[in-house]
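Asker: So here's structure.tsv, just TSV, N, CA and C atoms:
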chain	number	residue	atom	x	y	z
A	400	MET	N	-16.18	1.62	5.68
A	400	MET	CA	-15.22	1.39	4.62
A	400	MET	C	-13.97	0.77	5.23
A	401	GLN	N	-13.48	-0.27	4.63
A	401	GLN	CA	-12.29	-0.96	5.12
A	401	GLN	C	-11.00	-0.38	4.57
A	402	ASP	N	-11.06	0.32	3.46
A	402	ASP	CA	-9.86	0.83	2.81
A	402	ASP	C	-9.51	2.23	3.30
A	403	SER	N	-8.21	2.50	3.28
A	403	SER	CA	-7.74	3.85	3.55
A	403	SER	C	-7.78	4.62	2.24
A	404	VAL	N	-8.18	5.87	2.32
A	404	VAL	CA	-8.15	6.75	1.16
A	404	VAL	C	-7.24	7.91	1.53
A	405	GLU	N	-6.24	8.12	0.69
A	405	GLU	CA	-5.24	9.15	0.96
A	405	GLU	C	-5.08	10.06	-0.25
A	406	ILE	N	-5.02	11.35	0.00
A	406	ILE	CA	-4.73	12.32	-1.04
A	406	ILE	C	-3.33	12.85	-0.72
A	407	ILE	N	-2.44	12.73	-1.71
A	407	ILE	CA	-1.02	13.02	-1.50
A	407	ILE	C	-0.56	14.05	-2.51
A	408	ASP	N	0.31	14.95	-2.08
A	408	ASP	CA	0.91	15.92	-2.99
A	408	ASP	C	1.98	15.20	-3.81
A	409	PRO	N	1.79	15.06	-5.14
A	409	PRO	CA	2.77	14.32	-5.94
A	409	PRO	C	4.13	15.01	-6.04
A	410	ALA	N	4.19	16.29	-5.74
A	410	ALA	CA	5.46	17.00	-5.81
A	410	ALA	C	6.32	16.74	-4.57
A	411	THR	N	5.69	16.50	-3.43
A	411	THR	CA	6.43	16.35	-2.17
A	411	THR	C	6.26	14.99	-1.52
A	412	GLY	N	5.20	14.28	-1.88
A	412	GLY	CA	4.90	13.01	-1.22
A	412	GLY	C	4.20	13.17	0.11
A	413	ARG	N	3.88	14.39	0.49
A	413	ARG	CA	3.23	14.64	1.79
A	413	ARG	C	1.73	14.38	1.70
A	414	PHE	N	1.19	13.89	2.80
A	414	PHE	CA	-0.24	13.63	2.87
A	414	PHE	C	-0.98	14.95	3.00
A	415	ILE	N	-2.01	15.11	2.18
A	415	ILE	CA	-2.85	16.31	2.22
A	415	ILE	C	-4.08	16.04	3.06
A	416	VAL	N	-4.65	14.87	2.85
A	416	VAL	CA	-5.83	14.46	3.62
A	416	VAL	C	-5.93	12.94	3.55
A	417	GLY	N	-6.61	12.38	4.52
A	417	GLY	CA	-6.86	10.94	4.53
A	417	GLY	C	-8.12	10.67	5.31
A	418	ASN	N	-8.78	9.56	5.01
A	418	ASN	CA	-9.95	9.22	5.79
A	418	ASN	C	-9.52	8.67	7.15
A	419	SER	N	-10.48	8.47	8.04
A	419	SER	CA	-10.14	8.03	9.40
A	419	SER	C	-9.44	6.68	9.40
A	420	LYS	N	-9.74	5.83	8.43
A	420	LYS	CA	-9.08	4.52	8.32
A	420	LYS	C	-7.59	4.69	8.04
A	421	ALA	N	-7.23	5.73	7.29
A	421	ALA	CA	-5.82	5.96	6.94
A	421	ALA	C	-4.99	6.17	8.19
A	422	TRP	N	-5.40	7.05	9.06
A	422	TRP	CA	-4.58	7.29	10.24
A	422	TRP	C	-4.77	6.21	11.30
A	423	ALA	N	-5.96	5.62	11.39
A	423	ALA	CA	-6.19	4.56	12.38
A	423	ALA	C	-5.35	3.32	12.06
A	424	ASN	N	-5.29	2.91	10.79
A	424	ASN	CA	-4.50	1.74	10.40
A	424	ASN	C	-3.02	1.91	10.72
A	425	LEU	N	-2.56	3.15	10.67
A	425	LEU	CA	-1.14	3.43	10.89
A	425	LEU	C	-0.83	3.82	12.34
A	426	GLY	N	-1.86	4.01	13.15
A	426	GLY	CA	-1.65	4.35	14.56
A	426	GLY	C	-1.33	5.81	14.81
A	427	TYR	N	-1.61	6.66	13.86
A	427	TYR	CA	-1.35	8.09	14.00
A	427	TYR	C	-2.65	8.85	14.22
A	428	THR	N	-2.54	10.05	14.75
A	428	THR	CA	-3.68	10.96	14.74
A	428	THR	C	-3.74	11.58	13.36
A	429	ARG	N	-4.84	12.23	13.06
A	429	ARG	CA	-4.99	12.90	11.77
A	429	ARG	C	-3.87	13.92	11.58
A	430	GLU	N	-3.61	14.72	12.60
A	430	GLU	CA	-2.59	15.76	12.50
A	430	GLU	C	-1.21	15.15	12.28
A	431	GLU	N	-0.92	14.04	12.96
A	431	GLU	CA	0.38	13.39	12.77
A	431	GLU	C	0.53	12.88	11.35
A	432	LEU	N	-0.52	12.23	10.83
A	432	LEU	CA	-0.44	11.70	9.46
A	432	LEU	C	-0.19	12.82	8.46
A	433	LEU	N	-0.85	13.96	8.65
A	433	LEU	CA	-0.71	15.07	7.71
A	433	LEU	C	0.66	15.74	7.78
A	434	SER	N	1.46	15.39	8.78
A	434	SER	CA	2.82	15.92	8.87
A	434	SER	C	3.84	14.98	8.23
A	435	LEU	N	3.36	13.84	7.70
A	435	LEU	CA	4.25	12.82	7.15
A	435	LEU	C	4.19	12.80	5.62
A	436	SER	N	5.14	12.06	5.05
A	436	SER	CA	5.15	11.81	3.61
A	436	SER	C	5.17	10.29	3.39
A	437	VAL	N	4.96	9.88	2.17
A	437	VAL	CA	4.90	8.45	1.84
A	437	VAL	C	6.13	7.69	2.34
A	438	PRO	N	7.36	8.17	2.11
A	438	PRO	CA	8.51	7.42	2.61
A	438	PRO	C	8.52	7.24	4.13
A	439	ASP	N	7.80	8.08	4.87
A	439	ASP	CA	7.74	7.93	6.33
A	439	ASP	C	6.95	6.70	6.75
A	440	ILE	N	6.02	6.24	5.90
A	440	ILE	CA	5.18	5.11	6.29
A	440	ILE	C	5.40	3.87	5.43
A	441	ASP	N	6.21	3.99	4.38
A	441	ASP	CA	6.45	2.85	3.49
A	441	ASP	C	7.94	2.59	3.41
A	442	PRO	N	8.42	1.55	4.10
A	442	PRO	CA	9.86	1.29	4.11
A	442	PRO	C	10.44	0.89	2.75
A	443	LEU	N	9.60	0.58	1.77
A	443	LEU	CA	10.07	0.22	0.44
A	443	LEU	C	10.18	1.43	-0.48
A	444	VAL	N	9.76	2.60	0.02
A	444	VAL	CA	9.73	3.80	-0.82
A	444	VAL	C	10.63	4.88	-0.21
A	445	ASN	N	11.62	5.29	-1.00
A	445	ASN	CA	12.39	6.48	-0.64
A	445	ASN	C	11.98	7.59	-1.61
A	446	SER	N	12.61	8.74	-1.52
A	446	SER	CA	12.18	9.85	-2.38
A	446	SER	C	12.36	9.52	-3.86
A	447	ASP	N	13.44	8.80	-4.22
A	447	ASP	CA	13.66	8.44	-5.62
A	447	ASP	C	12.57	7.50	-6.14
A	448	VAL	N	12.22	6.52	-5.34
A	448	VAL	CA	11.16	5.57	-5.74
A	448	VAL	C	9.83	6.31	-5.87
A	449	PHE	N	9.56	7.23	-4.95
A	449	PHE	CA	8.32	8.00	-5.04
A	449	PHE	C	8.27	8.80	-6.34
A	450	VAL	N	9.35	9.46	-6.68
A	450	VAL	CA	9.41	10.24	-7.93
A	450	VAL	C	9.19	9.32	-9.14
A	451	GLN	N	9.79	8.13	-9.12
A	451	GLN	CA	9.60	7.18	-10.22
A	451	GLN	C	8.14	6.74	-10.31
A	452	ASN	N	7.50	6.50	-9.17
A	452	ASN	CA	6.09	6.10	-9.18
A	452	ASN	C	5.19	7.20	-9.71
A	453	VAL	N	5.49	8.45	-9.37
A	453	VAL	CA	4.70	9.57	-9.89
A	453	VAL	C	4.88	9.67	-11.41
A	454	ALA	N	6.11	9.50	-11.89
A	454	ALA	CA	6.35	9.51	-13.34
A	454	ALA	C	5.59	8.38	-14.01
A	455	ARG	N	5.56	7.23	-13.38
A	455	ARG	CA	4.81	6.09	-13.92
A	455	ARG	C	3.31	6.41	-13.97
A	456	LEU	N	2.81	7.10	-12.95
A	456	LEU	CA	1.40	7.50	-12.94
A	456	LEU	C	1.10	8.51	-14.05
A	457	ARG	N	2.01	9.42	-14.28
A	457	ARG	CA	1.80	10.40	-15.36
A	457	ARG	C	1.74	9.72	-16.72
A	458	ALA	N	2.48	8.63	-16.87
A	458	ALA	CA	2.51	7.89	-18.14
A	458	ALA	C	1.34	6.92	-18.26
A	459	SER	N	0.61	6.73	-17.18
A	459	SER	CA	-0.50	5.77	-17.16
A	459	SER	C	-1.74	6.44	-16.58
A	460	PRO	N	-2.50	7.16	-17.39
A	460	PRO	CA	-3.65	7.91	-16.89
A	460	PRO	C	-4.67	7.08	-16.10
A	461	ALA	N	-4.74	5.80	-16.39
A	461	ALA	CA	-5.69	4.94	-15.65
A	461	ALA	C	-5.16	4.57	-14.28
A	462	GLY	N	-3.91	4.92	-13.98
A	462	GLY	CA	-3.32	4.56	-12.69
A	462	GLY	C	-2.80	3.14	-12.70
A	463	PHE	N	-2.45	2.67	-11.52
A	463	PHE	CA	-1.98	1.30	-11.40
A	463	PHE	C	-2.16	0.80	-9.98
A	464	VAL	N	-1.99	-0.50	-9.83
A	464	VAL	CA	-2.10	-1.17	-8.53
A	464	VAL	C	-0.75	-1.78	-8.22
A	465	LEU	N	-0.31	-1.63	-6.99
A	465	LEU	CA	0.94	-2.23	-6.57
A	465	LEU	C	0.82	-2.74	-5.14
A	466	GLU	N	1.70	-3.65	-4.79
A	466	GLU	CA	1.76	-4.14	-3.41
A	466	GLU	C	2.98	-3.54	-2.75
A	467	SER	N	2.85	-3.26	-1.46
A	467	SER	CA	3.96	-2.70	-0.71
A	467	SER	C	3.78	-3.07	0.76
A	468	ILE	N	4.48	-2.36	1.61
A	468	ILE	CA	4.41	-2.57	3.05
A	468	ILE	C	4.22	-1.20	3.70
A	469	HIS	N	3.35	-1.14	4.68
A	469	HIS	CA	3.23	0.10	5.46
A	469	HIS	C	3.70	-0.14	6.87
A	470	GLN	N	4.26	0.91	7.46
A	470	GLN	CA	4.79	0.83	8.82
A	470	GLN	C	3.97	1.72	9.74
A	471	ARG	N	3.49	1.09	10.81
A	471	ARG	CA	2.71	1.84	11.80
A	471	ARG	C	3.64	2.70	12.67
A	472	LYS	N	3.02	3.58	13.40
A	472	LYS	CA	3.75	4.46	14.32
A	472	LYS	C	4.58	3.64	15.31
A	473	ASP	N	4.06	2.47	15.72
A	473	ASP	CA	4.78	1.64	16.70
A	473	ASP	C	5.89	0.80	16.07
A	474	GLY	N	6.10	0.94	14.75
A	474	GLY	CA	7.17	0.22	14.07
A	474	GLY	C	6.77	-1.09	13.42
A	475	THR	N	5.59	-1.60	13.74
A	475	THR	CA	5.14	-2.84	13.11
A	475	THR	C	4.74	-2.56	11.67
A	476	THR	N	4.82	-3.59	10.84
A	476	THR	CA	4.50	-3.43	9.43
A	476	THR	C	3.37	-4.37	9.03
A	477	PHE	N	2.75	-4.06	7.90
A	477	PHE	CA	1.69	-4.90	7.36
A	477	PHE	C	1.66	-4.72	5.85
A	478	PRO	N	1.30	-5.80	5.12
A	478	PRO	CA	1.26	-5.73	3.66
A	478	PRO	C	0.04	-4.96	3.18
A	479	VAL	N	0.22	-4.21	2.10
A	479	VAL	CA	-0.87	-3.42	1.54
A	479	VAL	C	-0.93	-3.56	0.02
A	480	GLU	N	-2.11	-3.36	-0.50
A	480	GLU	CA	-2.32	-3.22	-1.94
A	480	GLU	C	-2.77	-1.79	-2.17
A	481	ILE	N	-2.09	-1.10	-3.06
A	481	ILE	CA	-2.34	0.32	-3.29
A	481	ILE	C	-2.83	0.53	-4.72
A	482	SER	N	-4.01	1.13	-4.85
A	482	SER	CA	-4.52	1.56	-6.15
A	482	SER	C	-4.27	3.06	-6.22
A	483	ALA	N	-3.44	3.47	-7.17
A	483	ALA	CA	-3.03	4.87	-7.24
A	483	ALA	C	-3.37	5.48	-8.59
A	484	GLN	N	-3.73	6.76	-8.55
A	484	GLN	CA	-4.04	7.48	-9.77
A	484	GLN	C	-3.79	8.96	-9.54
A	485	LEU	N	-3.33	9.64	-10.58
A	485	LEU	CA	-3.17	11.09	-10.50
A	485	LEU	C	-4.47	11.75	-10.92
A	486	TYR	N	-4.80	12.82	-10.25
A	486	TYR	CA	-6.00	13.59	-10.55
A	486	TYR	C	-5.57	15.04	-10.75
A	487	ARG	N	-6.06	15.67	-11.80
A	487	ARG	CA	-5.76	17.08	-12.05
A	487	ARG	C	-7.05	17.87	-11.83
A	488	SER	N	-6.99	18.85	-10.94
A	488	SER	CA	-8.17	19.65	-10.60
A	488	SER	C	-8.42	20.71	-11.67
A	489	ASN	N	-9.55	21.38	-11.55
A	489	ASN	CA	-9.91	22.44	-12.50
A	489	ASN	C	-8.91	23.58	-12.51
A	490	ASP	N	-8.24	23.80	-11.37
A	490	ASP	CA	-7.23	24.86	-11.32
A	490	ASP	C	-5.84	24.33	-11.69
A	491	ASP	N	-5.81	23.14	-12.32
A	491	ASP	CA	-4.59	22.53	-12.87
A	491	ASP	C	-3.61	22.03	-11.82
A	492	ARG	N	-4.07	21.82	-10.59
A	492	ARG	CA	-3.22	21.24	-9.56
A	492	ARG	C	-3.33	19.72	-9.63
A	493	GLU	N	-2.22	19.05	-9.38
A	493	GLU	CA	-2.19	17.59	-9.39
A	493	GLU	C	-2.30	17.05	-7.97
A	494	TYR	N	-3.02	15.94	-7.87
A	494	TYR	CA	-3.16	15.22	-6.61
A	494	TYR	C	-2.97	13.74	-6.88
A	495	LEU	N	-2.30	13.06	-5.99
A	495	LEU	CA	-2.19	11.61	-6.09
A	495	LEU	C	-3.26	11.04	-5.17
A	496	VAL	N	-4.14	10.25	-5.73
A	496	VAL	CA	-5.20	9.61	-4.95
A	496	VAL	C	-4.83	8.14	-4.78
A	497	ALA	N	-4.75	7.70	-3.53
A	497	ALA	CA	-4.38	6.32	-3.25
A	497	ALA	C	-5.45	5.66	-2.39
A	498	VAL	N	-5.91	4.51	-2.84
A	498	VAL	CA	-6.81	3.68	-2.04
A	498	VAL	C	-5.96	2.50	-1.58
A	499	VAL	N	-5.84	2.36	-0.26
A	499	VAL	CA	-4.91	1.40	0.33
A	499	VAL	C	-5.69	0.35	1.10
A	500	ARG	N	-5.43	-0.89	0.76
A	500	ARG	CA	-6.10	-2.03	1.41
A	500	ARG	C	-5.07	-2.86	2.19
A	501	ASP	N	-5.37	-3.10	3.45
A	501	ASP	CA	-4.56	-4.00	4.28
A	501	ASP	C	-4.83	-5.42	3.78
A	502	VAL	N	-3.80	-6.10	3.29
A	502	VAL	CA	-3.97	-7.44	2.72
A	502	VAL	C	-3.35	-8.51	3.62
A	503	THR	N	-3.24	-8.23	4.90
A	503	THR	CA	-2.66	-9.18	5.85
A	503	THR	C	-3.36	-10.52	5.78
A	504	GLU	N	-4.68	-10.51	5.83
A	504	GLU	CA	-5.44	-11.77	5.83
A	504	GLU	C	-5.25	-12.52	4.51
A	505	ARG	N	-5.29	-11.81	3.40
A	505	ARG	CA	-5.10	-12.45	2.11
A	505	ARG	C	-3.72	-13.10	2.01
A	506	LYS	N	-2.70	-12.41	2.49
A	506	LYS	CA	-1.35	-12.96	2.48
A	506	LYS	C	-1.25	-14.19	3.37
A	507	ARG	N	-1.94	-14.16	4.51
A	507	ARG	CA	-1.94	-15.30	5.41
A	507	ARG	C	-2.56	-16.51	4.74
A	508	VAL	N	-3.69	-16.32	4.05
A	508	VAL	CA	-4.37	-17.41	3.35
A	508	VAL	C	-3.49	-17.93	2.21
A	509	GLU	N	-2.84	-17.04	1.47
A	509	GLU	CA	-1.95	-17.46	0.39
A	509	GLU	C	-0.80	-18.30	0.94
A	510	GLU	N	-0.23	-17.89	2.05
A	510	GLU	CA	0.88	-18.65	2.65
A	510	GLU	C	0.40	-20.02	3.13
A	511	LEU	N	-0.77	-20.06	3.74
A	511	LEU	CA	-1.33	-21.33	4.20
A	511	LEU	C	-1.59	-22.25	3.02
A	512	SER	N	-2.12	-21.72	1.94
A	512	SER	CA	-2.38	-22.50	0.73
A	512	SER	C	-1.08	-23.02	0.15
A	513	PHE	N	-0.05	-22.18	0.11
A	513	PHE	CA	1.25	-22.60	-0.40
A	513	PHE	C	1.82	-23.74	0.45
A	514	LEU	N	1.75	-23.59	1.76
A	514	LEU	CA	2.29	-24.63	2.65
A	514	LEU	C	1.52	-25.93	2.51
A	515	THR	N	0.21	-25.82	2.32
A	515	THR	CA	-0.62	-27.01	2.12
A	515	THR	C	-0.22	-27.72	0.84
A	516	ARG	N	-0.01	-26.96	-0.23
A	516	ARG	CA	0.42	-27.57	-1.50
A	516	ARG	C	1.80	-28.19	-1.37
A	517	GLN	N	2.69	-27.53	-0.67
A	517	GLN	CA	4.03	-28.06	-0.47
A	517	GLN	C	3.98	-29.38	0.29
A	518	LYS	N	3.16	-29.41	1.32
A	518	LYS	CA	3.02	-30.62	2.13
A	518	LYS	C	2.45	-31.75	1.28
A	519	LYS	N	1.42	-31.46	0.49
A	519	LYS	CA	0.80	-32.47	-0.37
A	519	LYS	C	1.81	-32.96	-1.40
A	520	TYR	N	2.54	-32.02	-2.03
A	520	TYR	CA	3.53	-32.40	-3.03
A	520	TYR	C	4.62	-33.27	-2.40
A	521	GLY	N	5.04	-32.90	-1.20
A	521	GLY	CA	6.06	-33.68	-0.50
A	521	GLY	C	5.60	-35.09	-0.19
A	522	GLN	N	4.32	-35.24	0.19
A	522	GLN	CA	3.77	-36.56	0.48
A	522	GLN	C	3.66	-37.38	-0.80
A	523	GLU	N	3.24	-36.76	-1.90
A	523	GLU	CA	3.13	-37.47	-3.17
A	523	GLU	C	4.50	-37.91	-3.67
A	524	ALA	N	5.50	-37.04	-3.53
A	524	ALA	CA	6.86	-37.40	-3.97
A	524	ALA	C	7.39	-38.54	-3.13
A	525	HIS	N	7.09	-38.53	-1.83
A	525	HIS	CA	7.55	-39.60	-0.93
A	525	HIS	C	6.88	-40.92	-1.30
A	526	GLN	N	5.60	-40.89	-1.68
A	526	GLN	CA	4.87	-42.10	-2.04
A	526	GLN	C	5.37	-42.67	-3.36
A	527	ASP	N	5.86	-41.81	-4.26
A	527	ASP	CA	6.37	-42.26	-5.54
A	527	ASP	C	7.68	-43.01	-5.42
A	528	ASN	N	8.40	-42.82	-4.33
A	528	ASN	CA	9.71	-43.49	-4.16
A	528	ASN	C	9.60	-44.84	-3.65
I need this file expressed as structure tokens, please.

Answerer:
Amino acid sequence: MQDSVEIIDPATGRFIVGNSKAWANLGYTREELLSLSVPDIDPLVNSDVFVQNVARLRASPAGFVLESIHQRKDGTTFPVEISAQLYRSNDDREYLVAVVRDVTERKRVEELSFLTRQKKYGQEAHQDN
């Protein structure tokens, strides 16, 4: 499996469990990842943003997809696409389930495509003059 799967406590933002891809992509051991919360690995998310996202999930039972950035243990970052949904267990506990995909390659291709279009447009505009 290429995607990270993370189960997060929606009340605290702390990781409860994650697959091996989750901690490997971020450069942490399993134990290290489980000591962290979402704001520790996502520089675009602070506690207020996390609370807003959980409220948004509660209002949208089907969940949602968003793009963000994750930060590895070594400080490097990479773009991600996150599919998130709240799950309520039989004992009425809530869990945030996140499937996280590293979209570095997709972003690279999009940028290359954009630059190619810009170059082509620039050449066409130059020829029109």

Asker: When you look at region 501-503 of chain A with a cut-off of 8 Å (counting only N, CA and C atoms), what residues show up, excluding the ones that are within fewer than 6 positions of it in the same chain? I need them as a list in words.

Answerer: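 Using only N, CA and C atoms, the neighbours found are Gln401, Asp402, Ser403, Phe477, Pro478, Val479, Glu480, Ile481 and Glu509 of chain A.
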
Asker: Rank nothing, just name the residue among A:Ala421, A:Ser512, A:Ser467, A:Thr411 nearest to Ser446 (chain A), using only N, CA and C atoms.

Answerer: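 Of all the options, A:Thr411 lies closest to Ser446 (chain A).
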
Asker: Please list as a ChimeraX atom specification every residue within 10 Å of region 452-457 of chain A, counting only C-alpha atoms and excluding residues in the same chain fewer than 3 positions away.

Answerer: /A:409-410,412,444,446-449,460-463,483-486,495

Asker: Using only C-alpha atoms, find the one residue out of A:Asp490, A:Gly474, A:Glu430, A:Val404 that sits nearest to Asn418 (chain A).

Answerer: A:Val404

Asker: Enumerate the residues of region 403-512 of chain A with a DSSP assignment of strand (DSSP E), computed from the backbone, and present them as JSON, numbers by chain.

Answerer: {"A": [403, 404, 405, 406, 407, 414, 415, 416, 417, 463, 464, 465, 466, 467, 468, 469, 470, 476, 477, 478, 479, 480, 481, 482, 483, 484, 485, 486, 487, 493, 494, 495, 496, 497, 498, 499, 500, 501]}

Asker: Pull the helix (DSSP H, G or I) assignments for chain A out of DSSP run on the backbone, and list those residues as a PyMOL selection string.

Answerer: chain A and resi 419-425+429-433+437-440+446-458+503-527

Asker: Distance CA of Ser419 (chain A)-CA of Glu431 (chain A), one decimal place?

Answerer: 12.3 Å

Asker: What is the atom N of Val450 (chain A)-atom C of Gly417 (chain A) distance in Å, reported with one decimal?

Answerer: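 Here the two named atoms are 21.2 Å from each other.
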
Asker: What does the structure give for the distance between CA of Leu435 (chain A) and CA of Ile407 (chain A), in Å to one decimal?

Answerer: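 Answer for the CA of Leu435 (chain A) to CA of Ile407 (chain A) separation: 10.1 Å.
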